[in-house]
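Below: target_5.txt (compact mmCIF, N, CA and C atoms and all ligand atoms)
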```txt
# COMPACT_ATOMS: atom_id res chain seq x y z
N ALA A 1 64.54 169.94 -139.01
CA ALA A 1 65.17 169.35 -137.81
C ALA A 1 64.23 168.30 -137.23
N LEU A 2 64.77 167.43 -136.37
CA LEU A 2 63.98 166.30 -135.85
C LEU A 2 62.74 166.79 -135.10
N GLU A 3 62.91 167.84 -134.22
CA GLU A 3 61.75 168.26 -133.42
C GLU A 3 60.66 168.83 -134.33
N LEU A 4 61.05 169.49 -135.43
CA LEU A 4 60.01 169.99 -136.36
C LEU A 4 59.33 168.79 -137.01
N GLN A 5 60.16 167.81 -137.35
CA GLN A 5 59.61 166.59 -137.96
C GLN A 5 58.62 165.94 -137.00
N LEU A 6 58.95 165.92 -135.66
CA LEU A 6 58.08 165.23 -134.71
C LEU A 6 56.79 165.98 -134.49
N GLN A 7 56.81 167.33 -134.46
CA GLN A 7 55.59 168.07 -134.14
C GLN A 7 54.42 167.68 -135.04
N PRO A 8 54.57 167.73 -136.38
CA PRO A 8 53.41 167.36 -137.22
C PRO A 8 52.88 165.98 -136.86
N PHE A 9 53.77 165.05 -136.51
CA PHE A 9 53.32 163.71 -136.16
C PHE A 9 52.48 163.76 -134.89
N ALA A 10 52.96 164.47 -133.85
CA ALA A 10 52.20 164.57 -132.60
C ALA A 10 50.86 165.26 -132.84
N LEU A 11 50.88 166.24 -133.72
CA LEU A 11 49.64 166.98 -134.04
C LEU A 11 48.64 166.04 -134.72
N LEU A 12 49.14 165.25 -135.65
CA LEU A 12 48.27 164.29 -136.36
C LEU A 12 47.67 163.29 -135.38
N LEU A 13 48.51 162.76 -134.46
CA LEU A 13 47.99 161.80 -133.47
C LEU A 13 46.95 162.45 -132.57
N ARG A 14 47.21 163.71 -132.15
CA ARG A 14 46.26 164.42 -131.26
C ARG A 14 44.92 164.60 -131.97
N GLN A 15 44.96 165.01 -133.23
CA GLN A 15 43.72 165.24 -133.98
C GLN A 15 42.97 163.93 -134.20
N THR A 16 43.72 162.86 -134.51
CA THR A 16 43.10 161.55 -134.73
C THR A 16 42.44 161.06 -133.44
N LEU A 17 43.15 161.24 -132.31
CA LEU A 17 42.62 160.81 -131.02
C LEU A 17 41.34 161.57 -130.68
N ASP A 18 41.31 162.87 -130.97
CA ASP A 18 40.09 163.65 -130.72
C ASP A 18 38.92 163.13 -131.56
N GLN A 19 39.20 162.77 -132.82
CA GLN A 19 38.15 162.23 -133.69
C GLN A 19 37.62 160.90 -133.17
N LEU A 20 38.54 160.06 -132.69
CA LEU A 20 38.13 158.75 -132.16
C LEU A 20 37.28 158.94 -130.90
N GLN A 21 37.74 159.86 -130.03
CA GLN A 21 37.07 160.06 -128.76
C GLN A 21 35.68 160.68 -128.94
N GLU A 22 35.50 161.43 -130.01
CA GLU A 22 34.19 162.01 -130.33
C GLU A 22 33.14 160.91 -130.50
N LYS A 23 33.58 159.74 -130.98
CA LYS A 23 32.64 158.63 -131.22
C LYS A 23 32.24 157.95 -129.92
N ASP A 24 32.99 158.17 -128.87
CA ASP A 24 32.68 157.58 -127.56
C ASP A 24 31.69 158.48 -126.84
N THR A 25 30.46 158.47 -127.33
CA THR A 25 29.46 159.47 -126.87
C THR A 25 29.06 159.24 -125.41
N ASP A 26 29.17 157.98 -124.92
CA ASP A 26 28.86 157.73 -123.50
C ASP A 26 30.09 157.87 -122.62
N SER A 27 31.23 158.24 -123.23
CA SER A 27 32.50 158.42 -122.49
C SER A 27 32.87 157.21 -121.64
N ILE A 28 32.59 156.01 -122.15
CA ILE A 28 32.94 154.82 -121.36
C ILE A 28 34.40 154.43 -121.56
N PHE A 29 35.06 155.04 -122.56
CA PHE A 29 36.46 154.72 -122.85
C PHE A 29 37.40 155.86 -122.46
N ALA A 30 36.84 156.89 -121.80
CA ALA A 30 37.60 158.12 -121.54
C ALA A 30 38.68 157.94 -120.47
N GLN A 31 38.38 157.13 -119.46
CA GLN A 31 39.29 156.96 -118.32
C GLN A 31 39.58 155.48 -118.10
N PRO A 32 40.67 155.14 -117.36
CA PRO A 32 40.92 153.72 -117.07
C PRO A 32 39.71 153.09 -116.36
N VAL A 33 39.43 151.83 -116.66
CA VAL A 33 38.35 151.11 -115.96
C VAL A 33 38.72 151.09 -114.48
N SER A 34 37.76 151.48 -113.63
CA SER A 34 38.02 151.56 -112.19
C SER A 34 38.18 150.16 -111.58
N LEU A 35 39.34 149.90 -110.97
CA LEU A 35 39.57 148.57 -110.39
C LEU A 35 38.87 148.44 -109.05
N GLU A 36 38.37 149.59 -108.52
CA GLU A 36 37.50 149.50 -107.34
C GLU A 36 36.12 149.00 -107.77
N GLU A 37 35.61 149.65 -108.88
CA GLU A 37 34.26 149.28 -109.36
C GLU A 37 34.27 147.89 -110.01
N VAL A 38 35.39 147.55 -110.64
CA VAL A 38 35.46 146.29 -111.41
C VAL A 38 36.67 145.49 -110.91
N PRO A 39 36.56 144.89 -109.70
CA PRO A 39 37.73 144.28 -109.04
C PRO A 39 38.35 143.10 -109.80
N ASP A 40 37.57 142.40 -110.64
CA ASP A 40 38.15 141.23 -111.35
C ASP A 40 38.65 141.60 -112.75
N TYR A 41 38.70 142.91 -113.04
CA TYR A 41 39.02 143.32 -114.41
C TYR A 41 40.35 142.74 -114.90
N LEU A 42 41.37 142.76 -114.04
CA LEU A 42 42.71 142.33 -114.47
C LEU A 42 42.83 140.81 -114.56
N GLU A 43 41.79 140.08 -114.15
CA GLU A 43 41.78 138.62 -114.38
C GLU A 43 41.50 138.33 -115.84
N TYR A 44 40.89 139.29 -116.53
CA TYR A 44 40.51 139.06 -117.94
C TYR A 44 41.30 139.91 -118.91
N VAL A 45 41.85 141.05 -118.42
CA VAL A 45 42.50 142.02 -119.31
C VAL A 45 43.95 142.22 -118.88
N ASP A 46 44.89 141.90 -119.78
CA ASP A 46 46.32 142.03 -119.44
C ASP A 46 46.79 143.48 -119.45
N THR A 47 46.37 144.21 -120.50
CA THR A 47 46.88 145.58 -120.68
C THR A 47 45.72 146.55 -120.81
N PRO A 48 45.27 147.11 -119.68
CA PRO A 48 44.20 148.11 -119.77
C PRO A 48 44.62 149.31 -120.62
N MET A 49 43.69 149.92 -121.29
CA MET A 49 43.98 151.13 -122.08
C MET A 49 42.71 151.98 -122.13
N ASP A 50 42.93 153.29 -122.26
CA ASP A 50 41.79 154.23 -122.32
C ASP A 50 42.29 155.49 -123.02
N PHE A 51 41.35 156.40 -123.36
CA PHE A 51 41.73 157.58 -124.13
C PHE A 51 42.61 158.55 -123.35
N SER A 52 42.40 158.66 -122.02
CA SER A 52 43.23 159.61 -121.26
C SER A 52 44.69 159.14 -121.25
N THR A 53 44.89 157.84 -121.16
CA THR A 53 46.26 157.28 -121.21
C THR A 53 46.88 157.54 -122.58
N MET A 54 46.06 157.37 -123.62
CA MET A 54 46.60 157.62 -124.97
C MET A 54 46.98 159.10 -125.14
N HIS A 55 46.16 160.00 -124.58
CA HIS A 55 46.51 161.44 -124.66
C HIS A 55 47.86 161.69 -123.99
N SER A 56 48.08 161.07 -122.84
CA SER A 56 49.36 161.26 -122.15
C SER A 56 50.52 160.74 -122.98
N LYS A 57 50.30 159.61 -123.63
CA LYS A 57 51.37 159.01 -124.44
C LYS A 57 51.67 159.86 -125.67
N VAL A 58 50.63 160.48 -126.25
CA VAL A 58 50.88 161.39 -127.39
C VAL A 58 51.72 162.57 -126.92
N GLU A 59 51.31 163.20 -125.82
CA GLU A 59 52.03 164.39 -125.32
C GLU A 59 53.44 164.02 -124.88
N GLY A 60 53.62 162.78 -124.42
CA GLY A 60 54.96 162.36 -123.98
C GLY A 60 55.79 161.78 -125.12
N HIS A 61 55.30 161.92 -126.35
CA HIS A 61 56.00 161.39 -127.54
C HIS A 61 56.35 159.91 -127.36
N GLU A 62 55.45 159.15 -126.78
CA GLU A 62 55.69 157.72 -126.55
C GLU A 62 55.32 156.86 -127.75
N TYR A 63 54.63 157.46 -128.74
CA TYR A 63 54.30 156.69 -129.95
C TYR A 63 55.36 156.97 -131.00
N ARG A 64 56.15 155.89 -131.29
CA ARG A 64 57.24 156.08 -132.25
C ARG A 64 56.73 155.82 -133.67
N SER A 65 55.54 155.23 -133.79
CA SER A 65 54.98 154.97 -135.13
C SER A 65 53.46 155.04 -135.04
N PHE A 66 52.83 155.17 -136.19
CA PHE A 66 51.37 155.20 -136.21
C PHE A 66 50.81 153.86 -135.78
N ASP A 67 51.52 152.77 -136.14
CA ASP A 67 51.07 151.42 -135.78
C ASP A 67 50.98 151.25 -134.25
N GLU A 68 51.93 151.87 -133.52
CA GLU A 68 51.88 151.77 -132.05
C GLU A 68 50.63 152.48 -131.51
N PHE A 69 50.30 153.62 -132.11
CA PHE A 69 49.10 154.38 -131.73
C PHE A 69 47.85 153.54 -132.02
N GLN A 70 47.81 152.95 -133.22
CA GLN A 70 46.67 152.12 -133.61
C GLN A 70 46.51 150.92 -132.69
N ALA A 71 47.63 150.34 -132.25
CA ALA A 71 47.59 149.16 -131.37
C ALA A 71 46.92 149.51 -130.05
N ASP A 72 47.17 150.71 -129.51
CA ASP A 72 46.51 151.10 -128.25
C ASP A 72 45.02 151.33 -128.46
N PHE A 73 44.64 151.90 -129.60
CA PHE A 73 43.20 152.07 -129.88
C PHE A 73 42.52 150.71 -129.93
N GLU A 74 43.18 149.75 -130.59
CA GLU A 74 42.59 148.41 -130.71
C GLU A 74 42.52 147.72 -129.34
N LEU A 75 43.47 148.06 -128.44
CA LEU A 75 43.42 147.52 -127.07
C LEU A 75 42.14 147.98 -126.37
N ILE A 76 41.83 149.27 -126.52
CA ILE A 76 40.63 149.82 -125.88
C ILE A 76 39.40 149.02 -126.30
N VAL A 77 39.25 148.81 -127.60
CA VAL A 77 38.07 148.11 -128.13
C VAL A 77 38.10 146.64 -127.74
N ASN A 78 39.23 145.97 -127.95
CA ASN A 78 39.31 144.53 -127.72
C ASN A 78 39.21 144.18 -126.23
N ASN A 79 39.80 144.99 -125.34
CA ASN A 79 39.66 144.76 -123.90
C ASN A 79 38.18 144.76 -123.52
N CYS A 80 37.46 145.73 -124.08
CA CYS A 80 36.03 145.89 -123.75
C CYS A 80 35.23 144.67 -124.22
N MET A 81 35.58 144.18 -125.43
CA MET A 81 34.83 143.04 -125.98
C MET A 81 35.27 141.73 -125.33
N THR A 82 36.40 141.75 -124.63
CA THR A 82 36.86 140.57 -123.89
C THR A 82 36.16 140.50 -122.53
N TYR A 83 36.13 141.66 -121.84
CA TYR A 83 35.62 141.64 -120.46
C TYR A 83 34.09 141.60 -120.39
N ASN A 84 33.42 142.37 -121.27
CA ASN A 84 31.97 142.54 -121.15
C ASN A 84 31.20 141.54 -122.00
N GLU A 85 30.06 141.08 -121.47
CA GLU A 85 29.20 140.15 -122.23
C GLU A 85 28.61 140.88 -123.44
N LYS A 86 28.25 140.09 -124.45
CA LYS A 86 27.74 140.65 -125.72
C LYS A 86 26.48 141.50 -125.52
N ASP A 87 25.69 141.18 -124.51
CA ASP A 87 24.40 141.87 -124.38
C ASP A 87 24.51 143.12 -123.50
N THR A 88 25.74 143.62 -123.32
CA THR A 88 25.90 144.82 -122.49
C THR A 88 26.06 146.06 -123.37
N MET A 89 25.75 147.20 -122.81
CA MET A 89 25.94 148.48 -123.51
C MET A 89 27.42 148.66 -123.83
N TYR A 90 28.29 148.29 -122.89
CA TYR A 90 29.74 148.43 -123.11
C TYR A 90 30.17 147.71 -124.37
N TYR A 91 29.79 146.41 -124.49
CA TYR A 91 30.20 145.61 -125.64
C TYR A 91 29.66 146.23 -126.93
N LYS A 92 28.39 146.60 -126.93
CA LYS A 92 27.75 147.18 -128.12
C LYS A 92 28.45 148.47 -128.54
N ASN A 93 28.83 149.29 -127.55
CA ASN A 93 29.56 150.53 -127.86
C ASN A 93 30.93 150.23 -128.47
N ALA A 94 31.57 149.16 -127.99
CA ALA A 94 32.89 148.79 -128.52
C ALA A 94 32.78 148.37 -129.98
N VAL A 95 31.74 147.60 -130.32
CA VAL A 95 31.53 147.17 -131.71
C VAL A 95 31.38 148.40 -132.61
N LYS A 96 30.59 149.36 -132.13
CA LYS A 96 30.35 150.58 -132.91
C LYS A 96 31.65 151.39 -133.06
N LEU A 97 32.39 151.51 -131.95
CA LEU A 97 33.64 152.28 -131.98
C LEU A 97 34.67 151.63 -132.90
N LYS A 98 34.68 150.30 -132.89
CA LYS A 98 35.63 149.55 -133.75
C LYS A 98 35.37 149.90 -135.22
N GLU A 99 34.10 149.96 -135.57
CA GLU A 99 33.72 150.21 -136.97
C GLU A 99 34.01 151.68 -137.32
N GLN A 100 33.49 152.61 -136.49
CA GLN A 100 33.68 154.03 -136.80
C GLN A 100 35.15 154.43 -136.69
N GLY A 101 35.83 153.84 -135.70
CA GLY A 101 37.24 154.17 -135.50
C GLY A 101 38.11 153.66 -136.62
N GLY A 102 37.73 152.51 -137.20
CA GLY A 102 38.51 151.93 -138.30
C GLY A 102 38.62 152.89 -139.47
N THR A 103 37.53 153.54 -139.77
CA THR A 103 37.50 154.50 -140.89
C THR A 103 38.43 155.68 -140.60
N ILE A 104 38.36 156.18 -139.36
CA ILE A 104 39.19 157.32 -138.95
C ILE A 104 40.67 156.94 -139.00
N ILE A 105 40.97 155.75 -138.48
CA ILE A 105 42.36 155.29 -138.41
C ILE A 105 42.95 155.13 -139.81
N ARG A 106 42.18 154.52 -140.70
CA ARG A 106 42.68 154.28 -142.08
C ARG A 106 43.06 155.59 -142.75
N ALA A 107 42.21 156.61 -142.60
CA ALA A 107 42.52 157.90 -143.23
C ALA A 107 43.74 158.54 -142.59
N ALA A 108 43.84 158.46 -141.25
CA ALA A 108 44.97 159.08 -140.55
C ALA A 108 46.28 158.38 -140.88
N LYS A 109 46.21 157.06 -141.07
CA LYS A 109 47.44 156.31 -141.36
C LYS A 109 48.03 156.77 -142.70
N LYS A 110 47.15 157.07 -143.66
CA LYS A 110 47.63 157.54 -144.97
C LYS A 110 48.34 158.90 -144.80
N LEU A 111 47.73 159.77 -143.96
CA LEU A 111 48.36 161.07 -143.71
C LEU A 111 49.70 160.88 -143.01
N ALA A 112 49.76 159.95 -142.05
CA ALA A 112 51.00 159.73 -141.29
C ALA A 112 52.12 159.28 -142.23
N GLU A 113 51.75 158.50 -143.24
CA GLU A 113 52.77 158.03 -144.19
C GLU A 113 53.36 159.22 -144.94
N ARG A 114 52.55 160.27 -145.15
CA ARG A 114 53.06 161.45 -145.86
C ARG A 114 54.01 162.22 -144.95
N VAL A 115 53.61 162.37 -143.64
CA VAL A 115 54.42 163.16 -142.71
C VAL A 115 55.73 162.43 -142.41
N GLY A 116 55.65 161.11 -142.25
CA GLY A 116 56.77 160.29 -141.76
C GLY A 116 57.91 160.14 -142.71
C1 LIG B 1 31.31 153.59 -112.01
C2 LIG B 1 31.16 152.20 -112.56
O1 LIG B 1 31.90 152.19 -113.78
C3 LIG B 1 32.07 150.96 -114.32
O2 LIG B 1 31.78 149.90 -113.81
C4 LIG B 1 32.68 151.01 -115.66
C5 LIG B 1 32.93 152.26 -116.22
C6 LIG B 1 33.49 152.33 -117.49
C7 LIG B 1 33.79 151.15 -118.17
C8 LIG B 1 33.54 149.90 -117.57
C9 LIG B 1 32.99 149.83 -116.32
N1 LIG B 1 33.87 148.76 -118.27
C10 LIG B 1 34.51 148.76 -119.45
O3 LIG B 1 34.79 147.72 -120.05
C11 LIG B 1 34.92 150.07 -120.04
C12 LIG B 1 34.63 150.08 -121.51
N2 LIG B 1 34.32 151.20 -119.41
```
Please express what this file holds, its structure, as structure tokens.
Ligand SMILES: CCOC(=O)c1ccc2c(c1)NC(=O)[C@@H](C)N2
Amino acid sequence: ALELQLQPFALLLRQTLDQLQEKDTDSIFAQPVSLEEVPDYLEYVDTPMDFSTMHSKVEGHEYRSFDEFQADFELIVNNCMTYNEKDTMYYKNAVKLKEQGGTIIRAAKKLAERVG
């Protein structure tokens, strides 16, 4: 049935998200960037994204495909590399997450193709 079909997909996304978030050792991607702390953030970033928002979207079955899930992960990394200067800890962490996350995403995408 459709709901049984959907559960494995949600489970796969949840597990993938946990693996990605494990790489964010300073937890700088865990929550939305604070617009109080960073008042000009939306002048540079159109679509903020963070891991807590992605968790909500997984639980709300808002990802209709693996590509949509991957697009939000790439938003997290690319927003960070857009807003922060290269010589910041934030930017350096994003470069590392992009590399480590790419490996995780590639493996999960292959699994998703089997479930889907
Ligand atoms: C309490 C102060 O927090 C921040 O200024 C801050 C906290 C977290 C951040 C961030 C800024 N900027 C970013 O681009 C993303 C990656 N994370």
Can you tell me which residues sit at most 8 Å away from ligand LIG 1 (chain B), counting all atoms listed in the file, written as a ChimeraX atom specification?
/A:27-34,36-38,76-77,79-84,89-91,93-94
Just the alpha helix (DSSP H) stuff from chain A, please, per backbone DSSP, written as a PyMOL selection string.
chain A and resi 2-22+41-44+51-59+66-83+89-115
Could you give me, as a PyMOL selection string, the residues within 10 Å of A:Lys109, counting only C-alpha atoms and dropping anything in the same chain fewer than 6 positions from it?
chain A and resi 12-13+16+65-67+69-70+115
Go ahead and write the residues just picked, N, CA and C atoms, as a PDB file, in the frame of the given file.
```
ATOM      1  N   LEU A  12      49.140 165.250-135.650  1.00  0.00           N
ATOM      2  CA  LEU A  12      48.270 164.290-136.360  1.00  0.00           C
ATOM      3  C   LEU A  12      47.670 163.290-135.380  1.00  0.00           C
ATOM      4  N   LEU A  13      48.510 162.760-134.460  1.00  0.00           N
ATOM      5  CA  LEU A  13      47.990 161.800-133.470  1.00  0.00           C
ATOM      6  C   LEU A  13      46.950 162.450-132.570  1.00  0.00           C
ATOM      7  N   THR A  16      43.720 162.860-134.510  1.00  0.00           N
ATOM      8  CA  THR A  16      43.100 161.550-134.730  1.00  0.00           C
ATOM      9  C   THR A  16      42.440 161.060-133.440  1.00  0.00           C
ATOM     10  N   SER A  65      55.540 155.230-133.790  1.00  0.00           N
ATOM     11  CA  SER A  65      54.980 154.970-135.130  1.00  0.00           C
ATOM     12  C   SER A  65      53.460 155.040-135.040  1.00  0.00           C
ATOM     13  N   PHE A  66      52.830 155.170-136.190  1.00  0.00           N
ATOM     14  CA  PHE A  66      51.370 155.200-136.210  1.00  0.00           C
ATOM     15  C   PHE A  66      50.810 153.860-135.780  1.00  0.00           C
ATOM     16  N   ASP A  67      51.520 152.770-136.140  1.00  0.00           N
ATOM     17  CA  ASP A  67      51.070 151.420-135.780  1.00  0.00           C
ATOM     18  C   ASP A  67      50.980 151.250-134.250  1.00  0.00           C
ATOM     19  N   PHE A  69      50.300 153.620-132.110  1.00  0.00           N
ATOM     20  CA  PHE A  69      49.100 154.380-131.730  1.00  0.00           C
ATOM     21  C   PHE A  69      47.850 153.540-132.020  1.00  0.00           C
ATOM     22  N   GLN A  70      47.810 152.950-133.220  1.00  0.00           N
ATOM     23  CA  GLN A  70      46.670 152.120-133.610  1.00  0.00           C
ATOM     24  C   GLN A  70      46.510 150.920-132.690  1.00  0.00           C
ATOM     25  N   VAL A 115      53.610 162.370-143.640  1.00  0.00           N
ATOM     26  CA  VAL A 115      54.420 163.160-142.710  1.00  0.00           C
ATOM     27  C   VAL A 115      55.730 162.430-142.410  1.00  0.00           C
TER      28      VAL A 115
END
```
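Going from atom C of A:Pro8 to atom CA of A:Arg114 covers 10.1 Å.
One finds atom CA of A:Glu85 at 25.0 Å from atom CA of A:Thr103.
Here atom CA of A:Lys57 and atom CA of A:Lys92 stand 26.7 Å from one another.
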Skip A:Leu20 itself and residues of its chain fewer than 2 positions away, then list as a VMD selection string all residues within 10 Å of it, counting only C-alpha atoms.
chain A and resid 14 to 18 22 to 24 51 73 97 to 98 100 to 105
So that all listed atoms of stretch 69-82 of chain A fit with 3 Å spare on each side, what axis-aligned box centre and edge lengths in Å, to one decimal, would you give as lines of an AutoDock Vina configuration file?
```
center_x = 42.6
center_y = 147.4
center_z = -128.1
size_x = 21.5
size_y = 19.9
size_z = 17.1
```
Any chance you could export stretch 67-82 of chain A with N, CA and C atoms, as a JSON list (two decimals), in the first residue's frame?
```json
[["chain", "number", "residue", "atom", "x", "y", "z"],
["A", 67, "ASP", "N", 15.73, 13.92, -4.77],
["A", 67, "ASP", "CA", 16.33, 15.14, -5.32],
["A", 67, "ASP", "C", 15.88, 16.38, -4.54],
["A", 68, "GLU", "N", 14.61, 16.39, -4.09],
["A", 68, "GLU", "CA", 14.14, 17.55, -3.31],
["A", 68, "GLU", "C", 14.87, 17.62, -1.97],
["A", 69, "PHE", "N", 15.11, 16.46, -1.37],
["A", 69, "PHE", "CA", 15.85, 16.37, -0.10],
["A", 69, "PHE", "C", 17.28, 16.87, -0.31],
["A", 70, "GLN", "N", 17.91, 16.39, -1.39],
["A", 70, "GLN", "CA", 19.29, 16.79, -1.70],
["A", 70, "GLN", "C", 19.38, 18.29, -1.95],
["A", 71, "ALA", "N", 18.36, 18.86, -2.59],
["A", 71, "ALA", "CA", 18.37, 20.30, -2.90],
["A", 71, "ALA", "C", 18.39, 21.12, -1.62],
["A", 72, "ASP", "N", 17.67, 20.68, -0.58],
["A", 72, "ASP", "CA", 17.69, 21.42, 0.69],
["A", 72, "ASP", "C", 19.04, 21.30, 1.37],
["A", 73, "PHE", "N", 19.66, 20.13, 1.30],
["A", 73, "PHE", "CA", 21.00, 19.98, 1.88],
["A", 73, "PHE", "C", 21.98, 20.93, 1.19],
["A", 74, "GLU", "N", 21.87, 21.01, -0.14],
["A", 74, "GLU", "CA", 22.78, 21.88, -0.89],
["A", 74, "GLU", "C", 22.50, 23.36, -0.57],
["A", 75, "LEU", "N", 21.24, 23.68, -0.23],
["A", 75, "LEU", "CA", 20.91, 25.05, 0.19],
["A", 75, "LEU", "C", 21.67, 25.41, 1.46],
["A", 76, "ILE", "N", 21.68, 24.48, 2.41],
["A", 76, "ILE", "CA", 22.38, 24.72, 3.68],
["A", 76, "ILE", "C", 23.83, 25.10, 3.41],
["A", 77, "VAL", "N", 24.50, 24.30, 2.60],
["A", 77, "VAL", "CA", 25.93, 24.52, 2.32],
["A", 77, "VAL", "C", 26.13, 25.78, 1.49],
["A", 78, "ASN", "N", 25.36, 25.94, 0.41],
["A", 78, "ASN", "CA", 25.57, 27.06, -0.50],
["A", 78, "ASN", "C", 25.19, 28.40, 0.14],
["A", 79, "ASN", "N", 24.13, 28.44, 0.96],
["A", 79, "ASN", "CA", 23.78, 29.68, 1.68],
["A", 79, "ASN", "C", 24.96, 30.13, 2.54],
["A", 80, "CYS", "N", 25.57, 29.16, 3.21],
["A", 80, "CYS", "CA", 26.69, 29.46, 4.13],
["A", 80, "CYS", "C", 27.88, 30.02, 3.35],
["A", 81, "MET", "N", 28.14, 29.42, 2.17],
["A", 81, "MET", "CA", 29.30, 29.86, 1.38],
["A", 81, "MET", "C", 28.99, 31.17, 0.64],
["A", 82, "THR", "N", 27.72, 31.53, 0.56],
["A", 82, "THR", "CA", 27.33, 32.81, -0.05],
["A", 82, "THR", "C", 27.46, 33.94, 0.98]]
```
